[in-house]
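Structure below is start04.csv: CSV, C-alpha atoms.
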```
chain,number,residue,atom,x,y,z
F,11,MET,CA,-19.8,23.1,114.5
F,12,CYS,CA,-16.3,22.5,116.0
F,13,ARG,CA,-15.3,25.7,117.8
F,14,ASP,CA,-11.5,25.0,117.3
F,15,LYS,CA,-12.1,24.6,113.5
F,16,LEU,CA,-14.0,27.8,113.3
F,17,ARG,CA,-11.4,29.7,115.3
F,18,LYS,CA,-8.6,28.4,113.1
F,19,ILE,CA,-10.4,29.6,110.0
F,20,LEU,CA,-11.2,33.0,111.4
F,21,ASP,CA,-7.6,33.4,112.6
F,22,GLU,CA,-6.5,32.6,109.0
F,23,LEU,CA,-8.9,35.2,107.7
F,24,TYR,CA,-7.5,37.7,110.2
F,25,THR,CA,-3.9,37.2,109.0
F,26,ILE,CA,-4.6,37.5,105.3
F,27,ARG,CA,-6.2,40.9,105.3
F,28,SER,CA,-4.8,43.1,102.6
F,29,ARG,CA,-4.2,46.7,101.6
F,30,ALA,CA,-7.0,46.3,99.1
F,31,HIS,CA,-9.4,45.7,102.1
F,32,LEU,CA,-8.0,48.7,103.9
F,33,ALA,CA,-8.3,51.0,100.9
F,34,ASN,CA,-12.0,50.0,100.6
F,35,ASP,CA,-12.7,50.9,104.3
F,36,PRO,CA,-13.3,54.3,106.0
F,37,VAL,CA,-10.6,53.5,108.6
F,38,SER,CA,-8.1,54.2,105.8
F,39,PHE,CA,-8.6,57.9,106.4
F,40,CYS,CA,-7.2,57.5,109.9
F,41,HIS,CA,-4.1,55.9,108.5
F,42,ARG,CA,-3.3,59.1,106.6
F,43,TYR,CA,-1.9,60.6,109.8
F,44,SER,CA,0.8,59.5,112.2
F,45,ASP,CA,-0.1,61.6,115.2
F,46,PRO,CA,-2.5,59.8,117.5
F,47,ALA,CA,-4.4,63.0,118.2
F,48,ASP,CA,-5.1,63.4,114.4
F,49,GLN,CA,-6.0,59.8,114.1
F,50,GLU,CA,-8.6,60.1,116.9
F,51,VAL,CA,-10.3,63.1,115.3
F,52,ALA,CA,-10.2,61.3,112.0
F,53,ALA,CA,-11.8,58.2,113.5
F,54,VAL,CA,-14.8,60.2,114.9
F,55,ILE,CA,-15.5,61.8,111.6
F,56,ALA,CA,-14.8,58.8,109.3
F,57,SER,CA,-17.0,56.5,111.4
F,58,ALA,CA,-19.8,59.0,111.7
F,59,PHE,CA,-20.5,59.0,108.0
F,60,ALA,CA,-19.9,55.3,107.4
F,61,TYR,CA,-23.4,54.5,106.2
F,62,GLY,CA,-24.6,53.8,102.7
F,63,ALA,CA,-22.7,52.4,99.8
F,64,VAL,CA,-18.9,52.2,100.3
F,65,SER,CA,-18.1,54.2,97.2
F,66,ASN,CA,-20.3,57.1,98.5
F,67,ILE,CA,-18.8,56.9,102.0
F,68,LEU,CA,-15.3,57.2,100.6
F,69,ARG,CA,-16.3,60.1,98.3
F,70,THR,CA,-18.0,61.9,101.2
F,71,LEU,CA,-15.0,61.5,103.5
F,72,GLU,CA,-12.6,62.7,100.8
F,73,SER,CA,-14.7,65.9,100.5
F,74,ILE,CA,-14.4,66.5,104.2
F,75,PHE,CA,-10.8,65.5,104.8
F,76,SER,CA,-9.6,67.6,101.9
F,77,ASN,CA,-10.3,70.7,104.0
F,78,PHE,CA,-8.2,69.6,107.0
F,79,GLY,CA,-4.7,70.2,105.7
F,80,SER,CA,-2.0,68.1,107.5
F,81,SER,CA,-3.8,68.0,110.9
F,82,PRO,CA,-7.5,67.3,111.6
F,83,ARG,CA,-6.8,68.0,115.3
F,84,LYS,CA,-5.5,71.5,114.6
F,85,PHE,CA,-8.4,72.1,112.3
F,86,ILE,CA,-10.8,71.1,115.1
F,87,GLU,CA,-9.1,73.2,117.8
F,88,LYS,CA,-9.5,76.3,115.7
F,89,PHE,CA,-12.9,75.4,114.2
F,90,ASP,CA,-15.3,78.3,113.9
F,91,PRO,CA,-18.9,77.1,113.2
F,92,GLN,CA,-19.8,80.1,111.1
F,93,GLU,CA,-16.7,79.6,108.9
F,94,GLY,CA,-17.5,75.9,108.8
F,95,LEU,CA,-21.0,76.6,107.5
F,96,ARG,CA,-19.5,78.5,104.7
F,97,ILE,CA,-16.9,75.9,103.8
F,98,PHE,CA,-19.3,73.0,104.0
F,99,SER,CA,-22.4,74.8,102.6
F,100,GLY,CA,-22.7,72.3,99.7
F,101,PHE,CA,-22.0,69.2,101.8
F,102,LYS,CA,-24.5,66.4,101.6
F,103,HIS,CA,-24.3,62.7,102.6
F,104,ARG,CA,-27.7,61.1,102.1
F,105,PHE,CA,-29.8,63.0,104.8
F,106,ASN,CA,-26.9,64.7,106.6
F,107,ASP,CA,-26.1,68.2,105.4
F,108,GLY,CA,-23.4,70.9,106.1
F,109,ARG,CA,-25.1,71.9,109.4
F,110,ASP,CA,-24.9,68.4,110.7
F,111,LEU,CA,-21.2,68.1,109.7
F,112,CYS,CA,-20.4,71.4,111.4
F,113,ALA,CA,-22.3,70.3,114.5
F,114,LEU,CA,-20.2,67.1,114.6
F,115,LEU,CA,-16.9,69.2,114.3
F,116,TRP,CA,-18.2,71.5,117.0
F,117,ALA,CA,-19.0,68.6,119.3
F,118,ILE,CA,-15.4,67.2,118.8
F,119,ARG,CA,-14.0,70.6,119.7
F,120,LEU,CA,-16.1,70.7,122.8
F,121,MET,CA,-15.1,67.2,123.9
F,122,ILE,CA,-11.4,68.1,123.5
F,123,GLU,CA,-11.8,71.4,125.4
F,124,ASP,CA,-13.7,69.6,128.2
F,125,ALA,CA,-11.4,66.5,128.6
F,126,GLY,CA,-8.3,67.0,126.5
F,127,SER,CA,-9.4,64.3,124.0
F,128,VAL,CA,-12.4,62.3,122.9
F,129,ASN,CA,-10.9,59.4,124.9
F,130,GLY,CA,-10.9,61.5,128.0
F,131,PHE,CA,-14.5,62.6,127.4
F,132,PHE,CA,-15.7,59.0,126.9
F,133,LEU,CA,-13.9,57.9,130.1
F,134,LYS,CA,-15.9,60.4,132.2
F,135,ASN,CA,-18.8,58.0,132.1
F,136,HIS,CA,-17.1,54.7,131.5
F,137,ASN,CA,-16.8,51.9,134.1
F,138,PRO,CA,-13.8,49.7,133.3
F,139,ALA,CA,-15.4,46.9,135.3
F,140,SER,CA,-18.6,46.8,133.2
F,141,HIS,CA,-19.3,43.8,131.1
F,142,ASP,CA,-19.5,45.9,128.0
F,143,VAL,CA,-19.8,49.4,126.7
F,144,THR,CA,-23.7,49.6,126.8
F,145,ASP,CA,-24.0,52.1,129.7
F,146,SER,CA,-20.9,54.0,128.5
F,147,LEU,CA,-22.3,54.6,125.0
F,148,ASN,CA,-25.7,55.6,126.4
F,149,ALA,CA,-24.0,58.2,128.6
F,150,PHE,CA,-21.6,59.3,125.9
F,151,THR,CA,-24.3,59.9,123.4
F,152,ALA,CA,-26.5,61.8,125.9
F,153,SER,CA,-23.6,64.0,126.9
F,154,VAL,CA,-22.7,64.8,123.3
F,155,LEU,CA,-26.3,65.6,122.3
F,156,ALA,CA,-26.6,67.9,125.4
F,157,PHE,CA,-23.9,70.3,124.2
F,158,ASP,CA,-24.9,73.8,123.3
F,159,TYR,CA,-25.1,73.9,119.5
F,160,ALA,CA,-26.3,77.5,119.2
F,161,PRO,CA,-23.1,78.5,117.3
F,162,VAL,CA,-24.2,76.1,114.5
F,163,PHE,CA,-28.0,76.0,114.6
F,164,LYS,CA,-28.6,79.4,116.2
F,165,THR,CA,-30.5,77.7,118.9
F,166,SER,CA,-29.1,75.6,121.8
F,167,VAL,CA,-31.6,72.8,121.0
F,168,ILE,CA,-30.9,70.6,118.0
F,169,PRO,CA,-33.7,71.6,115.5
F,170,SER,CA,-36.3,69.0,114.4
F,171,ASP,CA,-35.2,69.3,110.7
F,172,SER,CA,-31.6,68.3,111.5
F,173,TYR,CA,-30.3,64.7,111.3
F,174,PHE,CA,-27.3,65.4,113.5
F,175,SER,CA,-28.8,63.1,116.3
F,176,PHE,CA,-28.6,60.3,113.8
F,177,LEU,CA,-24.8,60.4,114.1
F,178,PHE,CA,-25.1,59.6,117.9
F,179,PRO,CA,-27.6,56.8,118.4
F,180,ALA,CA,-27.8,55.0,121.8
F,181,PRO,CA,-28.1,51.4,122.7
F,182,ALA,CA,-31.1,52.3,124.9
F,183,SER,CA,-33.1,53.0,121.7
F,184,GLY,CA,-32.4,49.5,120.5
F,185,SER,CA,-30.1,50.7,117.7
F,186,ALA,CA,-27.1,48.5,116.9
F,187,CYS,CA,-25.0,51.7,117.0
F,188,LYS,CA,-22.9,50.2,114.2
F,189,ARG,CA,-20.9,53.4,113.5
F,190,LEU,CA,-20.1,54.1,117.2
F,191,CYS,CA,-19.2,50.4,117.8
F,192,MET,CA,-16.9,50.6,114.7
F,193,PHE,CA,-15.3,53.8,116.0
F,194,LEU,CA,-14.6,52.1,119.4
F,195,ARG,CA,-13.1,49.1,117.6
F,196,TRP,CA,-10.8,51.4,115.7
F,197,VAL,CA,-9.5,53.3,118.7
F,198,VAL,CA,-9.6,50.6,121.4
F,199,ARG,CA,-8.3,47.5,119.8
F,200,PRO,CA,-4.5,47.0,119.7
F,201,ALA,CA,-2.8,48.5,116.6
F,202,ASP,CA,-2.6,45.8,114.0
F,203,GLY,CA,-2.3,47.6,110.7
F,204,ILE,CA,-6.1,48.2,110.6
F,205,ASP,CA,-7.2,49.2,114.0
F,206,LEU,CA,-5.3,52.0,115.8
F,207,GLY,CA,-4.8,51.1,119.5
F,208,LEU,CA,-5.2,54.8,120.5
F,209,TRP,CA,-7.3,54.7,123.7
F,210,GLN,CA,-6.5,53.9,127.3
F,211,GLY,CA,-9.1,52.9,129.9
F,212,VAL,CA,-11.4,50.8,127.7
F,213,SER,CA,-10.8,47.1,127.2
F,214,ALA,CA,-11.2,45.3,123.9
F,215,ALA,CA,-13.1,42.7,125.8
F,216,GLN,CA,-15.9,45.3,126.4
F,217,LEU,CA,-16.5,46.0,122.8
F,218,LEU,CA,-19.5,44.9,120.8
F,219,ILE,CA,-19.3,44.1,117.1
F,220,PRO,CA,-20.5,46.7,114.6
F,221,VAL,CA,-23.5,45.1,112.9
F,222,ASP,CA,-23.8,46.2,109.3
F,223,THR,CA,-25.7,44.4,106.5
F,224,HIS,CA,-22.7,42.2,105.8
F,225,ILE,CA,-22.0,41.2,109.5
F,226,ARG,CA,-25.8,40.6,110.0
F,227,ARG,CA,-25.9,38.2,107.0
F,228,ILE,CA,-22.6,36.4,107.4
F,229,SER,CA,-23.1,36.0,111.2
F,230,GLY,CA,-26.3,34.2,110.4
F,231,TYR,CA,-24.5,31.9,108.0
F,232,LEU,CA,-22.0,31.0,110.7
F,233,GLY,CA,-24.7,30.5,113.4
F,234,PHE,CA,-23.6,33.5,115.5
F,235,SER,CA,-27.1,34.9,115.8
F,236,SER,CA,-30.6,33.7,115.0
F,237,ARG,CA,-32.1,37.2,115.1
F,238,LYS,CA,-33.4,38.9,112.0
F,239,SER,CA,-33.2,42.5,113.0
F,240,ALA,CA,-29.8,44.3,113.1
F,241,ASP,CA,-30.3,45.8,116.6
F,242,TRP,CA,-28.4,46.0,119.9
F,243,LYS,CA,-29.6,42.6,120.9
F,244,MET,CA,-28.1,41.1,117.7
F,245,ALA,CA,-24.8,42.9,118.4
F,246,ARG,CA,-24.7,41.4,121.8
F,247,GLU,CA,-25.7,37.9,120.5
F,248,ILE,CA,-23.0,37.9,117.9
F,249,THR,CA,-20.4,39.3,120.3
F,250,ASP,CA,-21.3,36.6,122.9
F,251,SER,CA,-20.6,34.0,120.2
F,252,LEU,CA,-17.3,35.6,119.4
F,253,LEU,CA,-16.3,35.8,123.1
F,254,LYS,CA,-16.3,32.0,123.0
F,255,LEU,CA,-13.6,32.1,120.4
F,256,ASP,CA,-11.6,35.0,121.9
F,257,HIS,CA,-12.7,36.2,125.3
F,258,GLU,CA,-10.2,39.0,125.4
F,259,ASP,CA,-10.7,40.5,121.9
F,260,PRO,CA,-14.1,39.3,120.5
F,261,VAL,CA,-14.3,41.9,117.7
F,262,ARG,CA,-10.9,41.2,116.2
F,263,TYR,CA,-12.6,39.2,113.4
F,264,ASP,CA,-15.0,42.0,112.5
F,265,PHE,CA,-12.9,43.6,109.7
F,266,SER,CA,-12.2,40.3,108.0
F,267,LEU,CA,-15.8,39.1,108.2
F,268,ALA,CA,-17.2,42.4,106.9
F,269,HIS,CA,-14.9,42.5,104.0
F,270,ILE,CA,-16.0,39.1,102.8
F,271,GLY,CA,-19.1,41.0,101.9
F,272,ILE,CA,-17.7,44.5,101.2
F,273,THR,CA,-14.7,43.6,99.1
F,274,GLU,CA,-15.1,40.0,98.2
F,275,GLY,CA,-18.7,40.3,97.3
F,276,CYS,CA,-20.2,37.4,99.2
F,277,ASP,CA,-23.9,37.0,98.6
F,278,GLY,CA,-24.3,33.4,99.8
F,279,LYS,CA,-25.5,32.4,96.4
F,280,THR,CA,-22.7,32.6,93.9
F,281,LEU,CA,-20.7,29.3,93.5
F,282,SER,CA,-17.5,30.9,92.2
F,283,LYS,CA,-17.3,33.1,95.3
F,284,CYS,CA,-18.0,30.2,97.7
F,285,LEU,CA,-15.3,28.1,96.1
F,286,SER,CA,-12.7,30.7,97.0
F,287,CYS,CA,-14.0,31.5,100.4
F,288,LEU,CA,-12.2,30.2,103.5
F,289,LEU,CA,-15.6,30.1,105.3
F,290,SER,CA,-17.1,27.6,102.9
F,291,ASP,CA,-16.5,24.6,105.2
F,292,VAL,CA,-18.3,26.2,108.1
F,293,CYS,CA,-20.9,28.4,106.3
F,294,ARG,CA,-24.5,27.2,106.5
F,295,GLN,CA,-25.3,29.1,103.3
F,296,SER,CA,-22.4,28.0,101.1
F,297,ALA,CA,-23.5,27.3,97.6
F,298,ILE,CA,-21.0,24.4,97.6
F,299,ARG,CA,-23.3,22.4,99.8
```

Transcribe the structure of this file into structure tokens.
Amino acid sequence: MCRDKLRKILDELYTIRSRAHLANDPVSFCHRYSDPADQEVAAVIASAFAYGAVSNILRTLESIFSNFGSSPRKFIEKFDPQEGLRIFSGFKHRFNDGRDLCALLWAIRLMIEDAGSVNGFFLKNHNPASHDVTDSLNAFTASVLAFDYAPVFKTSVIPSDSYFSFLFPAPASGSACKRLCMFLRWVVRPADGIDLGLWQGVSAAQLLIPVDTHIRRISGYLGFSSRKSADWKMAREITDSLLKLDHEDPVRYDFSLAHIGITEGCDGKTLSKCLSCLLSDVCRQSAIR
């Protein structure tokens, strides 16, 4: 495949993103606020629960954000776990419950108290000279899970019946860490109407692509990865392919590619969708062929 041709098509996809795509994405909750401190807190929460069907994700996030008033940051700064357990007693998102949500809000408060922001907390274990964020994410996850959660769980150790740890996977486990990679994309990449450009100290070149079911499938169609499992190795393999197209900002195409599946409904089988898809000329799965 001609690299220049592929880059031209992906650049065109990047430029035609629409408000319809944004409205159908959890990052839209970050755009409800203009204060970067509010956007950062919103990004942690919105990305954490970005698993499952999009309609369910958006419904879950609406149920959370409706309690924040005009400022998620101020809500977090004053967050009391016992009051939170009362407010979110009926919360459920697949296997995460109100305790897990309150543990997340408590963790954000502790990060802010420790380092002034989530950005500051992440930078405590980040090496700007590293090739990517693998080691940084491993350290970040370990640090968050090491907090004292007794105010939430009544024990400093996260109980075995809690799925809070699911919200903070680590590359060391082999996980693709889709939601954490998506969070980093939102806050690190330059503001472009979708991503927020909030953070300092982390380079866009260090990011890895968030691998969800759509990126896994479409990346295979484009020859970005030959792996079958959506794991950290696949994330690296896809990102390495994208680095050849943009070595400074490899994940800039993530939103556009993902929404070919999320919003446009690509399944690699339906001719009518292939006919209107910009990727049809370079897609190995295109029904046009």

If we count all atoms listed in the file and set the cut-off at 6 Å, which residues sit around region 259-266 of chain F, ignoring sequence neighbours fewer than 3 positions away in its own chain? Please answer as an mmCIF file with C-alpha atoms, keeping the file's coordinate frame.
```cif
data_model
loop_
_atom_site.group_PDB
_atom_site.id
_atom_site.type_symbol
_atom_site.label_atom_id
_atom_site.label_comp_id
_atom_site.auth_asym_id
_atom_site.auth_seq_id
_atom_site.Cartn_x
_atom_site.Cartn_y
_atom_site.Cartn_z
ATOM 1 C CA TYR F 24 -7.500 37.700 110.200
ATOM 2 C CA ALA F 214 -11.200 45.300 123.900
ATOM 3 C CA ALA F 215 -13.100 42.700 125.800
ATOM 4 C CA ILE F 219 -19.300 44.100 117.100
ATOM 5 C CA LEU F 252 -17.300 35.600 119.400
ATOM 6 C CA LEU F 253 -16.300 35.800 123.100
ATOM 7 C CA ASP F 256 -11.600 35.000 121.900
ATOM 8 C CA HIS F 269 -14.900 42.500 104.000
#
```

Students should find that CA of Ser170 (chain F) and CA of Ile118 (chain F) are spaced 21.4 Å

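Rounded to one decimal, CA of Ile26 (chain F) and CA of Leu68 (chain F) lie 22.9 Å from each other.
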
I'd like the neighbourhood of Gly100 (chain F) as an MDAnalysis selection string, where a residue qualifies if any of its atoms comes within 12 Å (using only C-alpha atoms), though same-chain residues fewer than 4 positions away should be ignored.
chainID F and resid 70 73:74 94:96 106:112

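Put simply, CA of Asp35 (chain F) is 23.1 Å away from CA of Phe85 (chain F).
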
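Using only C-alpha atoms, the smallest distance between any of F:Lys243, F:Arg17, F:Arg189, F:Arg69 and Asn34 (chain F) comes from F:Arg69.
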
Long-range neighbours of region 58-65 of chain F as a ChimeraX atom specification, 10 Å cut-off, only C-alpha atoms, 2 positions minimum in chain:
/F:34-37,52-56,67-71,103-104,106,111,114,176-178,188-190,192-193,222,272-273

File dump, residues just selected, C-alpha atoms, as a CSV table (one decimal), in the coordinates of the input:
```csv
chain,number,residue,atom,x,y,z
F,34,ASN,CA,-12.0,50.0,100.6
F,35,ASP,CA,-12.7,50.9,104.3
F,36,PRO,CA,-13.3,54.3,106.0
F,37,VAL,CA,-10.6,53.5,108.6
F,52,ALA,CA,-10.2,61.3,112.0
F,53,ALA,CA,-11.8,58.2,113.5
F,54,VAL,CA,-14.8,60.2,114.9
F,55,ILE,CA,-15.5,61.8,111.6
F,56,ALA,CA,-14.8,58.8,109.3
F,67,ILE,CA,-18.8,56.9,102.0
F,68,LEU,CA,-15.3,57.2,100.6
F,69,ARG,CA,-16.3,60.1,98.3
F,70,THR,CA,-18.0,61.9,101.2
F,71,LEU,CA,-15.0,61.5,103.5
F,103,HIS,CA,-24.3,62.7,102.6
F,104,ARG,CA,-27.7,61.1,102.1
F,106,ASN,CA,-26.9,64.7,106.6
F,111,LEU,CA,-21.2,68.1,109.7
F,114,LEU,CA,-20.2,67.1,114.6
F,176,PHE,CA,-28.6,60.3,113.8
F,177,LEU,CA,-24.8,60.4,114.1
F,178,PHE,CA,-25.1,59.6,117.9
F,188,LYS,CA,-22.9,50.2,114.2
F,189,ARG,CA,-20.9,53.4,113.5
F,190,LEU,CA,-20.1,54.1,117.2
F,192,MET,CA,-16.9,50.6,114.7
F,193,PHE,CA,-15.3,53.8,116.0
F,222,ASP,CA,-23.8,46.2,109.3
F,272,ILE,CA,-17.7,44.5,101.2
F,273,THR,CA,-14.7,43.6,99.1
```

So that I can check the surroundings of Glu123 (chain F), please list as a tab-separated table (two decimals) with C-alpha atoms, keeping the file's coordinate frame every protein, DNA and RNA residue that reaches within 12 Å of it, counting all atoms listed in the file and ignoring chain neighbours fewer than 5 positions away.
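Final file, part_23.tsv:
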```
chain	number	residue	atom	x	y	z
F	83	ARG	CA	-6.80	68.00	115.30
F	86	ILE	CA	-10.80	71.10	115.10
F	87	GLU	CA	-9.10	73.20	117.80
F	88	LYS	CA	-9.50	76.30	115.70
F	89	PHE	CA	-12.90	75.40	114.20
F	116	TRP	CA	-18.20	71.50	117.00
F	117	ALA	CA	-19.00	68.60	119.30
F	118	ILE	CA	-15.40	67.20	118.80
F	128	VAL	CA	-12.40	62.30	122.90
F	130	GLY	CA	-10.90	61.50	128.00
F	131	PHE	CA	-14.50	62.60	127.40
```

Excluding Ala186 (chain F) and any residue of its chain fewer than 3 positions from it, enumerate the residues within 10 Å of it, using all atoms listed in the file, and give them as a PyMOL selection string.
chain F and resi 179-183+189-191+218-222+239-246

Select, counting only C-alpha atoms, all protein, DNA and RNA residues no farther than 10 Å from (-8.3, 52.2, 122.1) in file coordinates, and express the selection as an MDAnalysis selection string.
chainID F and resid 50 129 193:201 205:214

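Using all atoms listed in the file for every distance, the candidate list F:Lys283, F:Cys187, F:Tyr159, F:His257 yields F:Cys187 as the residue closest to Ser57 (chain F).
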
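Nearest residue to Gln295 (chain F), choosing from F:Leu255, F:Ile168, F:Ala268, F:Leu232 and counting all atoms listed in the file: F:Leu232.
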
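Using all atoms listed in the file, the smallest distance between any of F:Ile225, F:Leu217, F:Leu267, F:Leu288 and Ser140 (chain F) comes from F:Leu217.
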
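With distances restricted to all atoms listed in the file, F:Glu72 is the closest residue to Phe101 (chain F) from F:Asp202, F:Glu72, F:Asp291, F:Asp124.
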
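Proximity of F:Gln92, F:Leu16, F:Glu274, F:Asp48 to Ala30 (chain F), computed with all atoms listed in the file, is greatest for F:Glu274.
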
Would you list the residues near (1.3, 60.8, 115.8), meaning any protein, DNA or RNA residue with an atom at most 12 Å from that point in file coordinates, counting all atoms listed in the file, as a list in words?
Cys40, His41, Arg42, Tyr43, Ser44, Asp45, Pro46, Ala47, Asp48, Gln49, Glu50, Val51, Ser80, Ser81, Pro82, Arg83, Leu206 and Leu208 of chain F
